[in-house]
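Reproduced below: upload-v7.tsv, with TSV, N, CA and C atoms.
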```
chain	number	residue	atom	x	y	z
A	1	MET	N	-35.42	-13.76	14.35
A	1	MET	CA	-34.15	-14.30	14.83
A	1	MET	C	-34.01	-13.94	16.31
A	2	GLU	N	-33.60	-14.90	17.10
A	2	GLU	CA	-33.40	-14.71	18.54
A	2	GLU	C	-32.16	-13.84	18.78
A	3	LYS	N	-32.16	-13.15	19.93
A	3	LYS	CA	-31.02	-12.31	20.28
A	3	LYS	C	-29.73	-13.12	20.36
A	4	SER	N	-29.80	-14.32	20.89
A	4	SER	CA	-28.60	-15.15	20.99
A	4	SER	C	-28.09	-15.55	19.61
A	5	ASP	N	-29.02	-15.79	18.67
A	5	ASP	CA	-28.63	-16.11	17.30
A	5	ASP	C	-27.96	-14.91	16.63
A	6	ILE	N	-28.50	-13.74	16.91
A	6	ILE	CA	-27.93	-12.51	16.36
A	6	ILE	C	-26.51	-12.32	16.89
A	7	ALA	N	-26.33	-12.54	18.19
A	7	ALA	CA	-25.01	-12.39	18.80
A	7	ALA	C	-24.00	-13.36	18.19
A	8	VAL	N	-24.44	-14.58	17.95
A	8	VAL	CA	-23.56	-15.58	17.33
A	8	VAL	C	-23.19	-15.16	15.91
A	9	GLN	N	-24.18	-14.70	15.16
A	9	GLN	CA	-23.93	-14.27	13.79
A	9	GLN	C	-22.99	-13.07	13.75
A	10	LEU	N	-23.23	-12.09	14.64
A	10	LEU	CA	-22.35	-10.92	14.72
A	10	LEU	C	-20.92	-11.35	15.05
A	11	ALA	N	-20.77	-12.24	16.02
A	11	ALA	CA	-19.44	-12.72	16.41
A	11	ALA	C	-18.74	-13.40	15.24
A	12	SER	N	-19.48	-14.15	14.47
A	12	SER	CA	-18.92	-14.83	13.31
A	12	SER	C	-18.45	-13.83	12.26
A	13	TYR	N	-19.29	-12.85	11.94
A	13	TYR	CA	-18.91	-11.82	10.98
A	13	TYR	C	-17.69	-11.04	11.47
A	14	ARG	N	-17.69	-10.70	12.75
A	14	ARG	CA	-16.58	-9.93	13.31
A	14	ARG	C	-15.28	-10.72	13.28
A	15	GLN	N	-15.35	-12.01	13.51
A	15	GLN	CA	-14.15	-12.84	13.43
A	15	GLN	C	-13.62	-12.87	11.99
A	16	THR	N	-14.53	-12.96	11.05
A	16	THR	CA	-14.14	-12.92	9.64
A	16	THR	C	-13.47	-11.60	9.31
A	17	ILE	N	-14.04	-10.51	9.78
A	17	ILE	CA	-13.46	-9.18	9.55
A	17	ILE	C	-12.08	-9.09	10.18
A	18	ASP	N	-11.92	-9.61	11.40
A	18	ASP	CA	-10.61	-9.59	12.07
A	18	ASP	C	-9.58	-10.36	11.25
A	19	ASN	N	-9.98	-11.50	10.70
A	19	ASN	CA	-9.07	-12.30	9.88
A	19	ASN	C	-8.69	-11.55	8.60
A	20	ILE	N	-9.66	-10.91	7.98
A	20	ILE	CA	-9.40	-10.15	6.77
A	20	ILE	C	-8.47	-8.97	7.08
A	21	ASP	N	-8.71	-8.27	8.19
A	21	ASP	CA	-7.85	-7.16	8.58
A	21	ASP	C	-6.41	-7.63	8.77
A	22	ALA	N	-6.23	-8.77	9.41
A	22	ALA	CA	-4.88	-9.31	9.61
A	22	ALA	C	-4.22	-9.62	8.27
A	23	ALA	N	-4.99	-10.20	7.36
A	23	ALA	CA	-4.46	-10.52	6.02
A	23	ALA	C	-4.10	-9.24	5.27
A	24	LEU	N	-4.96	-8.23	5.36
A	24	LEU	CA	-4.68	-6.96	4.69
A	24	LEU	C	-3.37	-6.35	5.19
A	25	LEU	N	-3.15	-6.40	6.49
A	25	LEU	CA	-1.92	-5.83	7.06
A	25	LEU	C	-0.69	-6.62	6.62
A	26	ARG	N	-0.80	-7.94	6.56
A	26	ARG	CA	0.33	-8.74	6.07
A	26	ARG	C	0.63	-8.42	4.61
A	27	ILE	N	-0.41	-8.27	3.81
A	27	ILE	CA	-0.24	-7.93	2.40
A	27	ILE	C	0.37	-6.53	2.26
A	28	LEU	N	-0.11	-5.59	3.07
A	28	LEU	CA	0.43	-4.23	3.03
A	28	LEU	C	1.91	-4.23	3.44
A	29	ALA	N	2.26	-5.01	4.44
A	29	ALA	CA	3.67	-5.11	4.85
A	29	ALA	C	4.52	-5.65	3.72
A	30	GLU	N	4.03	-6.65	3.01
A	30	GLU	CA	4.77	-7.22	1.88
A	30	GLU	C	4.88	-6.20	0.76
A	31	ARG	N	3.83	-5.43	0.53
A	31	ARG	CA	3.88	-4.39	-0.50
A	31	ARG	C	4.95	-3.37	-0.15
A	32	PHE	N	5.00	-2.94	1.12
A	32	PHE	CA	6.01	-1.97	1.53
A	32	PHE	C	7.42	-2.57	1.45
A	33	ARG	N	7.56	-3.85	1.73
A	33	ARG	CA	8.87	-4.49	1.60
A	33	ARG	C	9.34	-4.38	0.14
A	34	CYS	N	8.44	-4.66	-0.79
A	34	CYS	CA	8.78	-4.57	-2.22
A	34	CYS	C	9.07	-3.13	-2.64
A	35	THR	N	8.25	-2.21	-2.20
A	35	THR	CA	8.47	-0.81	-2.60
A	35	THR	C	9.73	-0.25	-1.95
A	36	ASN	N	10.11	-0.75	-0.76
A	36	ASN	CA	11.38	-0.33	-0.16
A	36	ASN	C	12.55	-0.80	-1.03
A	37	GLU	N	12.45	-1.99	-1.60
A	37	GLU	CA	13.49	-2.49	-2.51
A	37	GLU	C	13.56	-1.60	-3.75
A	38	ILE	N	12.42	-1.19	-4.25
A	38	ILE	CA	12.39	-0.26	-5.39
A	38	ILE	C	13.05	1.05	-5.00
A	39	GLY	N	12.74	1.53	-3.80
A	39	GLY	CA	13.34	2.77	-3.31
A	39	GLY	C	14.86	2.67	-3.22
A	40	ALA	N	15.36	1.52	-2.76
A	40	ALA	CA	16.81	1.33	-2.67
A	40	ALA	C	17.43	1.32	-4.06
A	41	LEU	N	16.78	0.68	-5.00
A	41	LEU	CA	17.28	0.64	-6.37
A	41	LEU	C	17.29	2.04	-6.98
A	42	LYS	N	16.21	2.79	-6.75
A	42	LYS	CA	16.14	4.16	-7.26
A	42	LYS	C	17.23	5.02	-6.63
A	43	ALA	N	17.46	4.84	-5.34
A	43	ALA	CA	18.49	5.62	-4.65
A	43	ALA	C	19.87	5.29	-5.21
A	44	GLU	N	20.12	4.01	-5.41
A	44	GLU	CA	21.43	3.59	-5.91
A	44	GLU	C	21.73	4.17	-7.29
A	45	TYR	N	20.72	4.27	-8.12
A	45	TYR	CA	20.91	4.76	-9.48
A	45	TYR	C	20.41	6.19	-9.67
A	46	ASN	N	20.19	6.87	-8.54
A	46	ASN	CA	19.82	8.28	-8.54
A	46	ASN	C	18.59	8.57	-9.40
A	47	LEU	N	17.58	7.72	-9.26
A	47	LEU	CA	16.32	7.91	-9.97
A	47	LEU	C	15.35	8.68	-9.07
A	48	PRO	N	14.41	9.42	-9.64
A	48	PRO	CA	13.46	10.17	-8.81
A	48	PRO	C	12.54	9.23	-8.04
A	49	PRO	N	12.10	9.66	-6.84
A	49	PRO	CA	11.23	8.81	-6.03
A	49	PRO	C	9.84	8.60	-6.62
A	50	VAL	N	9.42	9.48	-7.53
A	50	VAL	CA	8.08	9.40	-8.11
A	50	VAL	C	8.19	9.12	-9.61
A	51	ASP	N	7.38	8.20	-10.07
A	51	ASP	CA	7.27	7.89	-11.50
A	51	ASP	C	5.81	8.16	-11.88
A	52	LYS	N	5.57	9.37	-12.37
A	52	LYS	CA	4.20	9.81	-12.67
A	52	LYS	C	3.52	8.93	-13.72
A	53	ASP	N	4.28	8.47	-14.71
A	53	ASP	CA	3.69	7.60	-15.74
A	53	ASP	C	3.20	6.30	-15.10
A	54	ARG	N	4.04	5.71	-14.26
A	54	ARG	CA	3.66	4.46	-13.57
A	54	ARG	C	2.44	4.70	-12.68
A	55	GLU	N	2.44	5.83	-11.95
A	55	GLU	CA	1.31	6.16	-11.09
A	55	GLU	C	0.01	6.25	-11.88
A	56	SER	N	0.06	6.94	-13.01
A	56	SER	CA	-1.14	7.09	-13.85
A	56	SER	C	-1.66	5.74	-14.32
A	57	LEU	N	-0.74	4.89	-14.76
A	57	LEU	CA	-1.14	3.54	-15.19
A	57	LEU	C	-1.74	2.75	-14.03
A	58	GLN	N	-1.15	2.89	-12.86
A	58	GLN	CA	-1.65	2.18	-11.68
A	58	GLN	C	-3.07	2.62	-11.33
A	59	TYR	N	-3.29	3.93	-11.32
A	59	TYR	CA	-4.63	4.43	-10.98
A	59	TYR	C	-5.67	3.93	-11.98
A	60	ALA	N	-5.34	3.94	-13.25
A	60	ALA	CA	-6.28	3.44	-14.26
A	60	ALA	C	-6.55	1.96	-14.04
A	61	ARG	N	-5.50	1.18	-13.78
A	61	ARG	CA	-5.66	-0.25	-13.55
A	61	ARG	C	-6.50	-0.50	-12.30
A	62	LEU	N	-6.24	0.27	-11.25
A	62	LEU	CA	-6.97	0.08	-9.99
A	62	LEU	C	-8.43	0.51	-10.10
A	63	ARG	N	-8.69	1.55	-10.87
A	63	ARG	CA	-10.09	1.95	-11.09
A	63	ARG	C	-10.85	0.82	-11.79
A	64	ASN	N	-10.20	0.19	-12.75
A	64	ASN	CA	-10.79	-0.93	-13.46
A	64	ASN	C	-11.04	-2.10	-12.50
A	65	LEU	N	-10.05	-2.42	-11.69
A	65	LEU	CA	-10.22	-3.50	-10.71
A	65	LEU	C	-11.34	-3.18	-9.71
A	66	ALA	N	-11.40	-1.92	-9.29
A	66	ALA	CA	-12.45	-1.51	-8.35
A	66	ALA	C	-13.83	-1.71	-8.98
A	67	GLU	N	-13.94	-1.31	-10.23
A	67	GLU	CA	-15.23	-1.47	-10.93
A	67	GLU	C	-15.60	-2.96	-11.01
A	68	GLN	N	-14.64	-3.80	-11.37
A	68	GLN	CA	-14.90	-5.24	-11.47
A	68	GLN	C	-15.32	-5.83	-10.12
A	69	ALA	N	-14.72	-5.30	-9.05
A	69	ALA	CA	-15.02	-5.81	-7.71
A	69	ALA	C	-16.25	-5.13	-7.09
A	70	LYS	N	-16.85	-4.22	-7.87
A	70	LYS	CA	-18.02	-3.46	-7.39
A	70	LYS	C	-17.69	-2.63	-6.14
A	71	LEU	N	-16.49	-2.04	-6.18
A	71	LEU	CA	-16.07	-1.12	-5.13
A	71	LEU	C	-16.14	0.30	-5.66
A	72	ASP	N	-16.32	1.24	-4.77
A	72	ASP	CA	-16.34	2.64	-5.13
A	72	ASP	C	-14.95	3.04	-5.65
A	73	GLN	N	-14.88	3.47	-6.89
A	73	GLN	CA	-13.59	3.82	-7.50
A	73	GLN	C	-12.92	4.98	-6.79
A	74	ASN	N	-13.69	5.95	-6.33
A	74	ASN	CA	-13.13	7.09	-5.61
A	74	ASN	C	-12.50	6.65	-4.29
A	75	PHE	N	-13.16	5.74	-3.60
A	75	PHE	CA	-12.60	5.22	-2.36
A	75	PHE	C	-11.27	4.51	-2.62
A	76	VAL	N	-11.24	3.66	-3.64
A	76	VAL	CA	-10.03	2.91	-3.97
A	76	VAL	C	-8.91	3.88	-4.34
A	77	GLU	N	-9.23	4.90	-5.11
A	77	GLU	CA	-8.21	5.87	-5.50
A	77	GLU	C	-7.68	6.62	-4.27
A	78	LYS	N	-8.56	7.02	-3.36
A	78	LYS	CA	-8.11	7.70	-2.12
A	78	LYS	C	-7.21	6.79	-1.30
A	79	LEU	N	-7.61	5.54	-1.17
A	79	LEU	CA	-6.81	4.57	-0.41
A	79	LEU	C	-5.42	4.41	-1.03
A	80	MET	N	-5.38	4.27	-2.34
A	80	MET	CA	-4.10	4.08	-3.01
A	80	MET	C	-3.25	5.35	-2.97
A	81	LYS	N	-3.87	6.51	-3.01
A	81	LYS	CA	-3.11	7.76	-2.87
A	81	LYS	C	-2.43	7.82	-1.51
A	82	LEU	N	-3.14	7.37	-0.48
A	82	LEU	CA	-2.55	7.33	0.86
A	82	LEU	C	-1.35	6.38	0.89
A	83	ILE	N	-1.53	5.20	0.33
A	83	ILE	CA	-0.45	4.21	0.31
A	83	ILE	C	0.72	4.71	-0.53
A	84	ILE	N	0.44	5.25	-1.69
A	84	ILE	CA	1.51	5.72	-2.57
A	84	ILE	C	2.25	6.90	-1.95
A	85	SER	N	1.54	7.78	-1.25
A	85	SER	CA	2.22	8.91	-0.61
A	85	SER	C	3.18	8.40	0.47
A	86	GLU	N	2.81	7.35	1.16
A	86	GLU	CA	3.71	6.73	2.14
A	86	GLU	C	4.92	6.12	1.44
A	87	VAL	N	4.70	5.48	0.32
A	87	VAL	CA	5.80	4.88	-0.46
A	87	VAL	C	6.77	5.97	-0.91
A	88	VAL	N	6.25	7.07	-1.45
A	88	VAL	CA	7.10	8.16	-1.93
A	88	VAL	C	7.90	8.75	-0.77
A	89	GLN	N	7.26	8.90	0.38
A	89	GLN	CA	7.98	9.40	1.56
A	89	GLN	C	9.10	8.45	1.95
A	90	ARG	N	8.82	7.15	1.94
A	90	ARG	CA	9.85	6.15	2.26
A	90	ARG	C	10.98	6.19	1.23
A	91	HIS	N	10.64	6.35	-0.04
A	91	HIS	CA	11.67	6.44	-1.07
A	91	HIS	C	12.58	7.63	-0.82
A	92	GLY	N	12.00	8.75	-0.41
A	92	GLY	CA	12.80	9.93	-0.07
A	92	GLY	C	13.74	9.65	1.10
A	93	GLN	N	13.23	8.96	2.12
A	93	GLN	CA	14.07	8.61	3.27
A	93	GLN	C	15.19	7.66	2.87
A	94	ILE	N	14.86	6.69	2.06
A	94	ILE	CA	15.86	5.72	1.59
A	94	ILE	C	16.94	6.45	0.79
A	95	ALA	N	16.54	7.38	-0.07
A	95	ALA	CA	17.50	8.14	-0.88
A	95	ALA	C	18.42	8.97	0.02
A	96	THR	N	17.84	9.60	1.04
A	96	THR	CA	18.65	10.40	1.97
A	96	THR	C	19.65	9.51	2.71
A	97	GLU	N	19.19	8.37	3.20
A	97	GLU	CA	20.09	7.43	3.89
A	97	GLU	C	21.19	6.95	2.95
A	98	HIS	N	20.84	6.67	1.71
A	98	HIS	CA	21.81	6.20	0.73
A	98	HIS	C	22.88	7.27	0.48
A	99	GLN	N	22.45	8.51	0.33
A	99	GLN	CA	23.39	9.62	0.11
A	99	GLN	C	24.31	9.80	1.30
A	100	THR	N	23.76	9.67	2.50
A	100	THR	CA	24.56	9.79	3.72
A	100	THR	C	25.64	8.70	3.77
A	101	ARG	N	25.25	7.47	3.42
A	101	ARG	CA	26.22	6.36	3.40
A	101	ARG	C	27.31	6.61	2.35
A	102	ARG	N	26.91	7.13	1.21
A	102	ARG	CA	27.89	7.42	0.15
A	102	ARG	C	28.91	8.44	0.62
A	103	LYS	N	28.41	9.50	1.27
A	103	LYS	CA	29.31	10.56	1.74
A	103	LYS	C	30.24	10.03	2.83
A	104	SER	N	29.72	9.18	3.69
A	104	SER	CA	30.53	8.59	4.76
A	104	SER	C	31.62	7.69	4.20
A	105	ALA	N	31.32	7.01	3.10
A	105	ALA	CA	32.27	6.09	2.49
A	105	ALA	C	33.36	6.82	1.70
A	106	SER	N	33.08	8.09	1.35
A	106	SER	CA	34.05	8.85	0.54
A	106	SER	C	35.19	9.39	1.35
```
Just give me the structure as structure tokens.
Amino acid sequence: MEKSDIAVQLASYRQTIDNIDAALLRILAERFRCTNEIGALKAEYNLPPVDKDRESLQYARLRNLAEQAKLDQNFVEKLMKLIISEVVQRHGQIATEHQTRRKSAS
């Protein structure tokens, strides 16, 4: 393969990766939008920010999906732990803001 052909192929792959990265970020933003709504609901009804049963089910489901997609299950679990820890942190912030608003309204 000629160097110019290699450069064209690399540019094509990199453009595909850039497009996938953009899609991943849009999907992640939508996921956080949904989990923020869950956080608001939990705050309103004084529910804990973490649901360990749901988390366990999610990890099992994601390990299965990772296996089907031929992805490293440990990598997928680490990635989801990072995302879920951000969600839990946001739920805590939402709960704190909700409590502050309640106290202000009283």
Inset, instruction - Just list the residues in segment 41-102 of chain A DSSP gives alpha helix (DSSP H) on the backbone, as a PyMOL selection string. - result: chain A and resi 41-44+52-68+73-102
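Within 8 Å of Arg63 of chain A, once all atoms listed in the file are used and residues closer than 5 positions along the same chain are dropped, the contacting residues are A:Leu57, A:Gln58, A:Gln68, A:Ala69, A:Asp72, A:Gln73, A:Asn74, A:Val76, A:Glu77.
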Inset, instruction - Identify, on the basis of only N, CA and C atoms, every residue whose closest approach to Thr35 of chain A does not exceed 7 Å; exclude the query and any residue fewer than 5 positions from it along the same chain; express the result as a ChimeraX atom specification. - result: /A:30,40,87,91
Legend entry - Surrounding residues of Glu97 of chain A excluding itself and chain neighbours under 4 positions, 12 Å, only C-alpha atoms, as a VMD selection string: chain A and resid 39 to 40 43 to 44 90 to 93 101 to 104
Inset, instruction - Quick one: pull the distance between atom N of Ala22 of chain A and atom C of Leu82 of chain A, Å, one decimal. - result: 18.1 Å
Legend entry - Proximity to Val88 of chain A - best of A:Ala60, A:Ala105, A:Val50, A:Met1, all atoms listed in the file: A:Val50
